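input-v2.txt (compact mmCIF, C-alpha atoms and all ligand atoms) appears below.
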```txt
# COMPACT_ATOMS: atom_id res chain seq x y z
CA MET A 1 128.68 114.82 107.91
CA ARG A 2 130.00 118.14 106.65
CA ILE A 3 127.61 120.18 104.57
CA GLU A 4 128.83 123.05 102.49
CA ILE A 5 126.38 125.95 102.37
CA SER A 6 127.19 129.10 100.51
CA GLY A 7 125.60 132.00 98.74
CA GLN A 8 125.97 129.94 95.59
CA THR A 9 123.89 127.02 96.82
CA PHE A 10 121.20 129.40 98.08
CA GLN A 11 120.88 130.99 94.72
CA SER A 12 121.55 127.93 92.60
CA ASP A 13 119.52 127.10 89.53
CA PHE A 14 118.11 124.17 91.43
CA VAL A 15 116.48 126.35 94.09
CA LYS A 16 115.12 128.69 91.41
CA LYS A 17 113.73 125.80 89.38
CA VAL A 18 111.94 124.23 92.35
CA ALA A 19 110.39 127.58 93.21
CA GLU A 20 109.43 128.20 89.61
CA ILE A 21 107.86 124.79 88.93
CA SER A 22 106.05 124.61 92.26
CA GLY A 23 105.04 128.26 92.30
CA GLU A 24 105.73 128.17 96.05
CA SER A 25 107.63 130.59 98.19
CA VAL A 26 110.25 128.23 99.55
CA LEU A 27 111.60 130.68 102.15
CA SER A 28 108.20 131.05 103.85
CA CYS A 29 108.74 127.79 105.71
CA ASN A 30 109.93 128.32 109.27
CA GLN A 31 110.58 124.65 109.99
CA CYS A 32 107.75 124.17 112.48
CA GLY A 33 107.51 120.51 111.49
CA LYS A 34 103.72 120.29 111.28
CA CYS A 35 103.90 118.81 107.79
CA SER A 36 106.05 115.93 108.97
CA ALA A 37 103.97 115.37 112.10
CA GLY A 38 100.90 114.59 110.00
CA CYS A 39 102.46 113.00 106.94
CA PRO A 40 100.95 109.52 106.48
CA MET A 41 103.93 108.31 104.46
CA ALA A 42 106.65 109.60 106.82
CA PHE A 43 107.26 106.09 108.15
CA ALA A 44 108.66 105.04 104.76
CA MET A 45 110.72 108.19 104.07
CA ASP A 46 114.40 108.82 104.68
CA TRP A 47 114.24 112.60 105.04
CA LEU A 48 111.07 113.99 106.60
CA PRO A 49 108.96 116.43 104.54
CA ASN A 50 110.12 119.49 106.56
CA GLN A 51 113.73 118.36 106.07
CA ILE A 52 113.19 118.23 102.31
CA ILE A 53 112.01 121.83 102.23
CA ARG A 54 114.99 122.78 104.42
CA LEU A 55 117.33 121.11 101.94
CA VAL A 56 115.63 123.03 99.15
CA GLN A 57 116.04 126.31 101.05
CA LEU A 58 119.72 125.62 101.46
CA GLY A 59 120.14 124.41 97.91
CA ILE A 60 121.62 121.06 98.89
CA GLU A 61 120.69 119.35 95.68
CA GLU A 62 122.69 116.11 96.05
CA ASP A 63 120.90 115.00 99.22
CA ILE A 64 117.51 115.66 97.66
CA ALA A 65 118.49 113.77 94.53
CA LYS A 66 119.44 110.75 96.65
CA SER A 67 116.33 110.92 98.84
CA LYS A 68 113.40 108.52 98.52
CA THR A 69 111.06 111.02 100.13
CA PRO A 70 109.63 112.83 97.08
CA TRP A 71 108.95 109.42 95.50
CA ILE A 72 107.25 108.08 98.62
CA CYS A 73 105.03 111.16 98.91
CA ALA A 74 101.49 110.17 97.90
CA SER A 75 100.33 113.75 97.11
CA CYS A 76 97.72 113.41 99.83
CA LEU A 77 98.06 117.16 100.53
CA THR A 78 97.66 116.76 104.29
CA CYS A 79 100.76 118.90 104.74
CA SER A 80 99.44 121.48 102.28
CA VAL A 81 96.17 122.06 104.15
CA ARG A 82 97.90 122.22 107.54
CA CYS A 83 100.97 124.38 106.96
CA PRO A 84 100.67 127.48 109.16
CA ARG A 85 102.84 129.41 106.71
CA GLY A 86 100.72 128.61 103.69
CA VAL A 87 103.37 126.53 101.95
CA ASP A 88 101.97 123.87 99.62
CA LEU A 89 104.56 121.20 100.22
CA GLY A 90 102.72 118.78 97.96
CA ARG A 91 103.59 121.05 95.04
CA LEU A 92 107.18 121.27 96.15
CA MET A 93 107.46 117.47 96.15
CA GLU A 94 105.99 117.41 92.64
CA ALA A 95 108.55 119.97 91.46
CA VAL A 96 111.40 117.88 92.86
CA ARG A 97 110.06 114.77 91.10
CA LEU A 98 109.64 116.64 87.84
CA LEU A 99 113.25 117.80 87.86
CA THR A 100 114.18 114.12 87.52
CA LEU A 101 111.33 113.02 85.26
CA ARG A 102 111.92 115.87 82.84
CA ARG A 103 115.39 114.47 82.18
CA ASN A 104 113.54 111.40 80.92
CA ILE A 105 114.40 109.28 83.94
CA ASP A 106 111.58 107.06 85.21
CA TYR A 107 111.14 106.16 88.87
CA VAL A 108 109.13 103.04 88.10
CA ALA A 109 109.36 100.71 85.11
CA ALA A 110 105.98 99.49 83.91
CA ALA A 111 107.58 96.25 82.71
CA LYS A 112 108.67 95.39 86.28
CA ILE A 113 105.16 95.38 87.69
CA PRO A 114 103.75 91.82 87.77
CA PRO A 115 101.09 91.47 85.03
CA ASP A 116 98.43 89.99 87.30
CA ALA A 117 98.85 92.87 89.75
CA LEU A 118 98.45 95.30 86.86
CA GLY A 119 95.33 93.55 85.61
CA GLU A 120 93.53 94.00 88.91
CA MET A 121 94.39 97.62 89.55
CA PRO A 122 91.89 100.41 89.05
CA GLN A 123 92.67 102.75 86.17
CA ILE A 124 93.11 105.72 88.48
CA ALA A 125 96.01 103.87 90.16
CA LEU A 126 97.67 103.16 86.83
CA VAL A 127 97.14 106.55 85.25
CA GLY A 128 97.92 108.37 88.50
CA GLY A 129 100.98 106.28 89.32
CA PHE A 130 102.50 106.56 85.88
CA ARG A 131 101.77 110.29 85.78
CA LYS A 132 103.62 110.75 89.07
CA HIS A 133 106.48 108.34 88.52
CA THR A 134 107.31 108.19 84.84
CA ALA A 135 108.60 110.75 82.36
CA MET B 1 65.20 115.59 87.66
CA ASP B 2 67.95 115.00 85.10
CA LEU B 3 71.52 115.45 86.29
CA SER B 4 74.56 115.39 84.04
CA TYR B 5 77.06 112.75 85.11
CA TYR B 6 80.75 112.07 84.38
CA PRO B 7 81.74 108.45 85.16
CA GLY B 8 85.46 108.24 84.31
CA CYS B 9 87.43 105.15 83.29
CA THR B 10 87.53 103.22 86.55
CA LEU B 11 83.78 103.17 87.00
CA LYS B 12 83.26 101.49 83.66
CA THR B 13 85.67 98.65 84.46
CA LYS B 14 86.92 98.05 87.99
CA ALA B 15 84.37 100.01 90.01
CA LYS B 16 81.01 98.72 88.77
CA GLY B 17 80.14 98.26 92.43
CA LEU B 18 80.31 102.02 92.85
CA GLU B 19 78.47 103.06 89.71
CA ALA B 20 75.61 100.61 89.25
CA PRO B 21 74.06 100.96 92.73
CA ALA B 22 74.55 104.75 92.58
CA VAL B 23 72.64 105.07 89.32
CA ALA B 24 69.87 102.81 90.65
CA ALA B 25 69.67 104.57 94.02
CA MET B 26 69.53 108.00 92.43
CA ALA B 27 66.71 106.84 90.17
CA ALA B 28 64.84 105.62 93.25
CA LEU B 29 65.37 109.06 94.75
CA GLY B 30 64.02 110.75 91.66
CA VAL B 31 67.29 111.79 89.99
CA ASN B 32 68.12 110.53 86.52
CA LEU B 33 71.91 110.50 86.02
CA VAL B 34 72.59 111.38 82.39
CA GLU B 35 76.03 110.25 81.31
CA ILE B 36 77.67 112.93 79.17
CA SER B 37 78.58 111.75 75.71
CA ARG B 38 82.13 111.74 74.29
CA TRP B 39 83.82 112.00 77.69
CA ASN B 40 87.52 111.24 77.98
CA CYS B 41 89.85 110.20 80.82
CA CYS B 42 90.41 113.20 83.13
CA GLY B 43 94.03 112.22 83.78
CA ALA B 44 93.29 110.94 87.31
CA VAL B 45 95.68 113.28 89.14
CA TYR B 46 95.63 117.06 88.97
CA SER B 47 98.97 118.43 87.85
CA LEU B 48 100.71 120.26 90.70
CA ALA B 49 103.27 122.02 88.51
CA ASP B 50 102.84 125.69 87.78
CA ASP B 51 104.33 125.45 84.30
CA ASP B 52 102.34 122.40 83.16
CA LEU B 53 99.17 123.31 81.31
CA ALA B 54 99.05 120.30 79.01
CA HIS B 55 97.65 118.04 81.70
CA HIS B 56 94.73 120.38 82.33
CA LEU B 57 93.44 119.92 78.80
CA ALA B 58 91.83 116.54 79.44
CA PRO B 59 89.67 117.60 82.41
CA VAL B 60 88.75 120.92 80.75
CA ARG B 61 87.64 119.13 77.58
CA ASN B 62 85.18 117.12 79.66
CA LEU B 63 83.76 120.32 81.11
CA ILE B 64 83.40 121.70 77.61
CA ARG B 65 81.41 118.57 76.68
CA VAL B 66 79.08 119.16 79.64
CA HIS B 67 78.63 122.80 78.67
CA GLU B 68 77.93 122.12 75.00
CA GLN B 69 75.45 119.43 75.98
CA GLY B 70 73.47 122.14 77.71
CA ALA B 71 74.10 121.43 81.39
CA ASP B 72 75.39 123.88 83.97
CA LYS B 73 76.35 121.24 86.52
CA VAL B 74 78.11 117.89 86.32
CA SER B 75 78.14 115.23 89.01
CA THR B 76 80.95 112.77 89.63
CA LEU B 77 81.23 109.59 91.64
CA CYS B 78 84.94 108.77 91.50
CA SER B 79 86.85 110.83 94.06
CA PHE B 80 89.85 111.22 91.76
CA CYS B 81 87.75 112.47 88.86
CA TYR B 82 85.92 114.84 91.20
CA ASN B 83 89.20 116.34 92.39
CA THR B 84 90.76 116.68 88.97
CA LEU B 85 87.68 118.13 87.26
CA LYS B 86 86.92 120.50 90.11
CA ARG B 87 90.48 121.81 90.36
CA ALA B 88 90.84 122.26 86.61
CA ASN B 89 87.55 124.13 86.60
CA GLN B 90 88.73 126.45 89.37
CA LEU B 91 91.95 127.10 87.49
CA VAL B 92 89.96 128.17 84.43
CA GLN B 93 87.70 130.33 86.58
CA ARG B 94 90.45 132.04 88.55
CA ASP B 95 93.49 132.32 86.29
CA GLU B 96 92.76 134.50 83.31
CA VAL B 97 96.14 134.04 81.63
CA LYS B 98 96.08 130.27 81.83
CA ARG B 99 92.44 130.21 80.73
CA ARG B 100 93.35 132.12 77.62
CA THR B 101 96.28 129.84 76.83
CA LEU B 102 94.14 126.72 77.28
CA ASN B 103 91.35 128.11 75.10
CA ASP B 104 93.80 129.20 72.42
CA PHE B 105 95.33 125.75 72.35
CA MET B 106 91.95 124.03 71.95
CA GLU B 107 91.19 125.87 68.74
CA GLU B 108 88.47 123.45 67.71
CA GLU B 109 86.50 123.95 70.95
CA LYS B 110 84.27 126.83 71.94
CA ASP B 111 85.92 129.04 74.56
CA TYR B 112 85.30 127.81 78.09
CA GLN B 113 85.18 130.18 81.06
CA GLY B 114 84.33 127.77 83.87
CA GLU B 115 80.55 127.96 83.43
CA VAL B 116 79.89 124.43 84.65
CA ALA B 117 79.70 123.55 88.35
CA VAL B 118 81.43 120.32 89.40
CA VAL B 119 79.86 118.41 92.28
CA HIS B 120 80.29 115.03 93.90
CA LEU B 121 77.22 112.83 94.22
CA LEU B 122 77.45 112.98 98.01
CA GLU B 123 76.87 116.73 97.75
CA VAL B 124 73.80 116.12 95.60
CA LEU B 125 72.46 113.74 98.24
CA ARG B 126 73.07 116.29 101.00
CA ASP B 127 72.24 119.58 99.30
CA ASP B 128 69.67 118.75 96.62
CA ILE B 129 67.84 115.74 98.05
CA GLY B 130 68.48 116.15 101.76
CA TRP B 131 69.02 113.63 104.54
CA ASP B 132 65.40 113.73 105.69
CA ASN B 133 64.08 112.89 102.25
CA ILE B 134 66.56 110.03 101.98
CA SER B 135 65.54 108.72 105.42
CA ALA B 136 61.90 108.81 104.38
CA LYS B 137 62.65 106.52 101.43
CA VAL B 138 64.64 103.96 103.42
CA LYS B 139 62.91 100.57 103.47
CA VAL B 140 65.64 98.50 105.12
CA PRO B 141 67.35 100.64 107.77
CA LEU B 142 70.87 99.36 108.28
CA GLN B 143 70.14 98.85 111.94
CA GLY B 144 72.96 97.46 113.99
CA LEU B 145 75.53 97.70 111.21
CA ARG B 146 78.55 99.36 112.77
CA VAL B 147 80.23 101.15 109.94
CA ALA B 148 83.22 103.50 109.94
CA PRO B 149 83.17 106.33 107.36
CA TYR B 150 86.46 106.69 105.51
CA TYR B 151 86.93 109.81 103.37
CA GLY B 152 90.44 109.49 101.96
CA CYS B 153 92.09 112.54 100.40
CA THR B 154 90.61 113.79 97.19
CA LEU B 155 87.14 114.83 98.37
CA LEU B 156 88.68 117.01 101.07
CA ARG B 157 92.03 118.36 99.92
CA PRO B 158 93.01 120.96 99.00
CA GLN B 159 90.70 123.19 101.02
CA GLU B 160 89.18 124.99 98.03
CA ILE B 161 87.60 121.83 96.61
CA ALA B 162 86.57 120.22 99.90
CA ILE B 163 82.98 118.91 99.93
CA ASP B 164 82.90 119.32 103.71
CA ARG B 165 85.10 120.49 106.59
CA VAL B 166 88.66 119.47 105.86
CA GLU B 167 89.60 118.10 109.27
CA ARG B 168 86.35 116.76 110.68
CA PRO B 169 84.08 116.02 107.75
CA ALA B 170 80.59 114.74 108.47
CA ILE B 171 78.95 114.11 105.11
CA LEU B 172 79.47 110.32 105.04
CA HIS B 173 78.59 110.10 108.74
CA GLN B 174 75.33 111.94 107.97
CA LEU B 175 74.47 109.68 105.04
CA MET B 176 75.07 106.58 107.15
CA GLU B 177 72.87 107.97 109.90
CA ALA B 178 70.17 108.80 107.36
CA ILE B 179 70.05 105.17 106.23
CA GLY B 180 69.97 103.85 109.75
CA ALA B 181 73.51 102.55 110.23
CA GLU B 182 75.45 102.87 113.46
CA VAL B 183 78.32 105.24 112.76
CA VAL B 184 81.74 104.48 114.21
CA ASP B 185 84.11 107.43 114.32
CA PHE B 186 87.82 106.66 114.12
CA PRO B 187 90.99 108.74 113.97
CA PHE B 188 92.15 107.57 110.53
CA SER B 189 89.02 108.53 108.62
CA THR B 190 90.71 111.29 106.58
CA GLU B 191 94.19 109.75 106.37
CA CYS B 192 95.66 108.72 103.03
CA CYS B 193 95.63 105.01 102.11
CA GLY B 194 98.87 105.33 100.13
CA SER B 195 97.06 106.08 96.89
CA PHE B 196 98.98 105.51 93.63
CA GLN B 197 101.99 104.23 95.61
CA ILE B 198 100.33 100.84 95.09
CA ILE B 199 102.17 100.90 91.74
CA SER B 200 105.69 101.72 92.95
CA ASN B 201 105.75 101.04 96.69
CA PRO B 202 103.04 98.48 97.42
CA ASP B 203 104.49 97.59 100.82
CA SER B 204 103.92 101.09 102.07
CA VAL B 205 100.27 100.75 101.05
CA THR B 206 99.97 97.47 102.98
CA GLN B 207 101.21 99.32 106.05
CA ARG B 208 98.72 102.15 105.50
CA ALA B 209 95.89 99.65 105.03
CA TRP B 210 96.76 98.03 108.34
CA ASP B 211 96.93 101.36 110.19
CA ILE B 212 93.51 102.33 108.88
CA LEU B 213 91.70 98.99 109.19
CA SER B 214 93.09 98.14 112.61
CA SER B 215 92.14 101.55 113.95
CA ALA B 216 88.56 101.12 112.73
CA LEU B 217 88.44 97.60 114.18
CA LYS B 218 89.67 98.83 117.54
CA ARG B 219 86.80 101.30 117.63
CA GLY B 220 84.35 98.48 117.11
CA ALA B 221 83.57 98.92 113.41
CA GLU B 222 82.39 95.91 111.42
CA ALA B 223 82.88 97.51 108.02
CA LEU B 224 84.29 100.58 106.30
CA VAL B 225 82.30 102.78 103.96
CA LEU B 226 84.04 104.94 101.38
CA THR B 227 83.73 106.61 97.98
CA CYS B 228 87.03 106.18 96.15
CA PRO B 229 87.83 103.19 93.89
CA LEU B 230 91.53 103.42 94.76
CA CYS B 231 90.91 103.48 98.53
CA TYR B 232 88.53 100.56 97.94
CA PHE B 233 91.26 98.62 96.15
CA ASN B 234 94.07 99.46 98.57
CA LEU B 235 92.00 98.74 101.67
CA GLY B 236 90.38 95.64 100.21
CA GLN B 237 92.91 93.85 98.08
CA ARG B 238 95.72 94.25 100.65
CA GLN B 239 93.68 92.33 103.20
CA ALA B 240 94.87 88.98 101.86
CA GLU B 241 98.42 89.93 102.80
CA LEU B 242 97.36 91.40 106.12
CA LYS B 243 95.63 88.16 107.11
CA GLN B 244 98.90 86.32 106.69
CA LYS B 245 100.84 88.94 108.60
CA TYR B 246 98.46 89.37 111.52
CA ILE B 247 96.89 86.08 112.57
CA ASP B 248 94.09 87.73 114.55
CA PHE B 249 92.92 89.71 111.54
CA THR B 250 90.05 87.95 109.80
CA GLY B 251 89.16 90.61 107.25
CA MET B 252 86.83 93.58 107.18
CA PRO B 253 84.22 94.30 104.49
CA VAL B 254 84.73 97.58 102.64
CA PHE B 255 81.63 99.12 101.04
CA TYR B 256 81.03 101.91 98.58
CA PHE B 257 78.49 104.36 100.00
CA SER B 258 76.30 103.65 96.99
CA GLN B 259 76.11 99.94 97.83
CA LEU B 260 74.82 100.64 101.33
CA LEU B 261 72.43 103.28 100.04
CA ALA B 262 70.97 100.88 97.47
CA LEU B 263 70.58 98.14 100.11
CA ALA B 264 68.80 100.55 102.46
CA LEU B 265 66.43 101.53 99.64
CA ALA B 266 65.68 97.81 99.20
CA LEU B 267 66.89 97.72 95.60
CA ASP B 268 67.79 94.34 94.12
CA SER B 269 71.14 93.55 95.76
CA ARG B 270 72.50 92.24 92.45
CA VAL B 271 72.85 95.84 91.37
CA CYS B 272 75.45 96.30 94.12
CA HIS B 273 77.95 93.82 92.64
CA LEU B 274 78.80 92.64 96.12
CA GLU B 275 80.56 89.68 94.52
CA LEU B 276 83.34 92.08 93.51
CA ASN B 277 84.11 93.16 97.08
CA TYR B 278 87.48 91.93 98.27
CA ALA B 279 86.43 90.97 101.79
CA ASP B 280 83.17 89.02 101.41
CA PRO B 281 80.41 91.20 102.90
CA LEU B 282 77.62 88.61 102.61
CA PRO B 283 78.06 86.91 106.01
CA LEU B 284 77.91 90.29 107.75
CA LEU B 285 74.88 91.46 105.75
CA GLU B 286 73.06 88.15 106.27
CA ASP B 287 73.83 88.21 109.97
CA LYS B 288 72.24 91.67 110.21
CA ARG B 289 69.35 90.60 107.94
CA LEU B 290 70.01 93.40 105.51
CA LEU B 291 69.63 91.47 102.26
CA VAL B 292 66.18 91.38 100.75
S1 LIG C 1 104.28 122.89 108.05
FE1 LIG C 1 104.91 124.52 106.61
S2 LIG C 1 106.15 125.93 107.83
FE2 LIG C 1 105.97 124.05 109.03
S3 LIG C 1 107.83 122.89 108.45
FE3 LIG C 1 106.20 122.20 107.07
S4 LIG C 1 106.36 123.51 105.24
FE4 LIG C 1 107.55 124.48 106.91
S1 LIG C 2 101.54 115.36 100.32
FE1 LIG C 2 103.30 114.00 100.53
S2 LIG C 2 104.64 115.00 102.02
FE2 LIG C 2 102.62 115.95 102.22
S3 LIG C 2 101.62 114.80 103.88
FE3 LIG C 2 101.02 113.83 101.92
S4 LIG C 2 102.53 112.18 101.60
FE4 LIG C 2 103.37 113.59 103.17
```
Can I see the file as structure tokens?
Amino acid sequence: MRIEISGQTFQSDFVKKVAEISGESVLSCNQCGKCSAGCPMAFAMDWLPNQIIRLVQLGIEEDIAKSKTPWICASCLTCSVRCPRGVDLGRLMEAVRLLTLRRNIDYVAAAKIPPDALGEMPQIALVGGFRKHTA
Amino acid sequence: MDLSYYPGCTLKTKAKGLEAPAVAAMAALGVNLVEISRWNCCGAVYSLADDDLAHHLAPVRNLIRVHEQGADKVSTLCSFCYNTLKRANQLVQRDEVKRRTLNDFMEEEKDYQGEVAVVHLLEVLRDDIGWDNISAKVKVPLQGLRVAPYYGCTLLRPQEIAIDRVERPAILHQLMEAIGAEVVDFPFSTECCGSFQIISNPDSVTQRAWDILSSALKRGAEALVLTCPLCYFNLGQRQAELKQKYIDFTGMPVFYFSQLLALALALDSRVCHLELNYADPLPLLEDKRLLV
């Protein structure tokens, strides 16, 4: 697959927004891969966590937009406490999610969750899940 | 000793098995948990966005309640509430600009500067009561019960709110030893159970539950002990599906630490709400003669 990288993608609004919302220094990451090595949700992701931050560095917005990874991330912050470069990847994932949610696009529809499953779930799952996955 | 206490929504509904035995056990240990009045939902998850202050209002309001009710410390039981309240408190303490904005927005409240300390009940047991004092009060040591401590995420991460070492925590191990249980260490004890993904991606949680439970089983554990109502749900409720998927798997009881503490103190077991546990713990407890 051919990927177009240019000065424009590097400095795109998208890259700036992710850095601004997350408050993280995106370029600090040196792609060591430690985040992905310990990520408990990596098995269900398409791009690995370190690949997501690489895509953000390069400003390749379309691939991130198509990726399941930020939505599979459980905000466990294992990557955040382990990163040798001090990058809080958990915040970066949140910023990527928010760029979608803030356009009023939900990742999960409450109406699609079976009512008996909903009835059993602890409130922290409901409040937490809807906070992370709905606008 | 009176200690201010924030329960949160889950403890009043789905996690009675965490709250009731904790309140009873603390009373037996000489600590009266005083529920703060007019508390509200803390929002469950701490907002990770730099430009989002609105979601910090709910946890900060709770801390204001604690402060105006005259306490300088609030204890929590729910791991999610602990994390959210503690992080919001640190934000207020450390970020002057955001503190001012939050205080300005909550015009009707008295300014809050982070005066209240947020602690988890496990810290109270360790730091204020002490393992030796707990051991001395144990009437039914949980002898022979092989239990694996499971910490989950929100008591340990991020680093600045961790109640113990981030990578090799010991606090639950120490409590279990203090009440006479046989502690089983296992490599998944601080790994995420999938958390709120139970809403959107439940299959990924089933997989996580299997990774965690099967690892503990392999190490010879008979039960898990934990603190978080969401871990408790994910690792308990998913077992029905796991039994169908893996024929050798017959289920594994999952306990709140407060349930085991109350049993060891020989409190009436009805206070533990063991009937709410997903994998029936009674056969195991009867087999070990731990029910009085
Ligand atoms: S651990 Fe940190 S430096 Fe290493 S790849 Fe992940 S984000 Fe980059
Ligand atoms: S916070 Fe997300 S990306 Fe990081 S380790 Fe946890 S699940 Fe993986």
Atomic separation - atom CA of Asn83 of chain B relative to atom CA of Thr69 of chain A, Å: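 So the two atoms, atom CA of Thr69 of chain A and atom CA of Asn83 of chain B, lie 23.8 Å apart.
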Within 8 Å of ligand LIG 2 (chain C) (only C-alpha atoms and all ligand atoms), residues as number ranges by chain: A: 35-36, 38-42, 48-49, 69-70, 72-80, 89-90, 93; B: 192, 194
Check: which chain B residues lie within 8 Å of chain A using all atoms listed in the file, as a ChimeraX atom specification: /B:9-10,13-15,43-45,48-51,80,153-154,157-159,191-192,194-201,204,208,229-230,233
Atom pair atom CA of Trp39 of chain B / atom CA of Cys228 of chain B: separation (Å):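 Computing it gives 19.6 Å between the two atoms.
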Distance of atom CA of Ala37 of chain A from atom CA of Gly251 of chain B, expressed in Å to one decimal place: 29.3 Å
Spatial neighbours of segment 254-257 of chain B, max dist 8 Å, all atoms listed in the file, sep filter under 3 positions, as an MDAnalysis selection string: chainID B and resid 17:18 172 223:228 232 235:236 260:261 277:279 281
Same residues, C-alpha atoms, output as a short mmCIF file (atom, residue, chain, number, x, y, z; two decimals), in the coordinates of the input:
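Wrote again.cif, looks like this:
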```cif
data_model
loop_
_atom_site.label_atom_id
_atom_site.label_comp_id
_atom_site.auth_asym_id
_atom_site.auth_seq_id
_atom_site.Cartn_x
_atom_site.Cartn_y
_atom_site.Cartn_z
CA GLY B 17 80.14 98.26 92.43
CA LEU B 18 80.31 102.02 92.85
CA LEU B 172 79.47 110.32 105.04
CA ALA B 223 82.88 97.51 108.02
CA LEU B 224 84.29 100.58 106.30
CA VAL B 225 82.30 102.78 103.96
CA LEU B 226 84.04 104.94 101.38
CA THR B 227 83.73 106.61 97.98
CA CYS B 228 87.03 106.18 96.15
CA TYR B 232 88.53 100.56 97.94
CA LEU B 235 92.00 98.74 101.67
CA GLY B 236 90.38 95.64 100.21
CA LEU B 260 74.82 100.64 101.33
CA LEU B 261 72.43 103.28 100.04
CA ASN B 277 84.11 93.16 97.08
CA TYR B 278 87.48 91.93 98.27
CA ALA B 279 86.43 90.97 101.79
CA PRO B 281 80.41 91.20 102.90
#
```
Test item: residues at most 12 Å from Gln143 of chain B, only C-alpha atoms, excluding those fewer than 2 positions along its chain, as number ranges by chain: B: 138-141, 145-147, 176-183, 260, 263-264, 285, 287-290
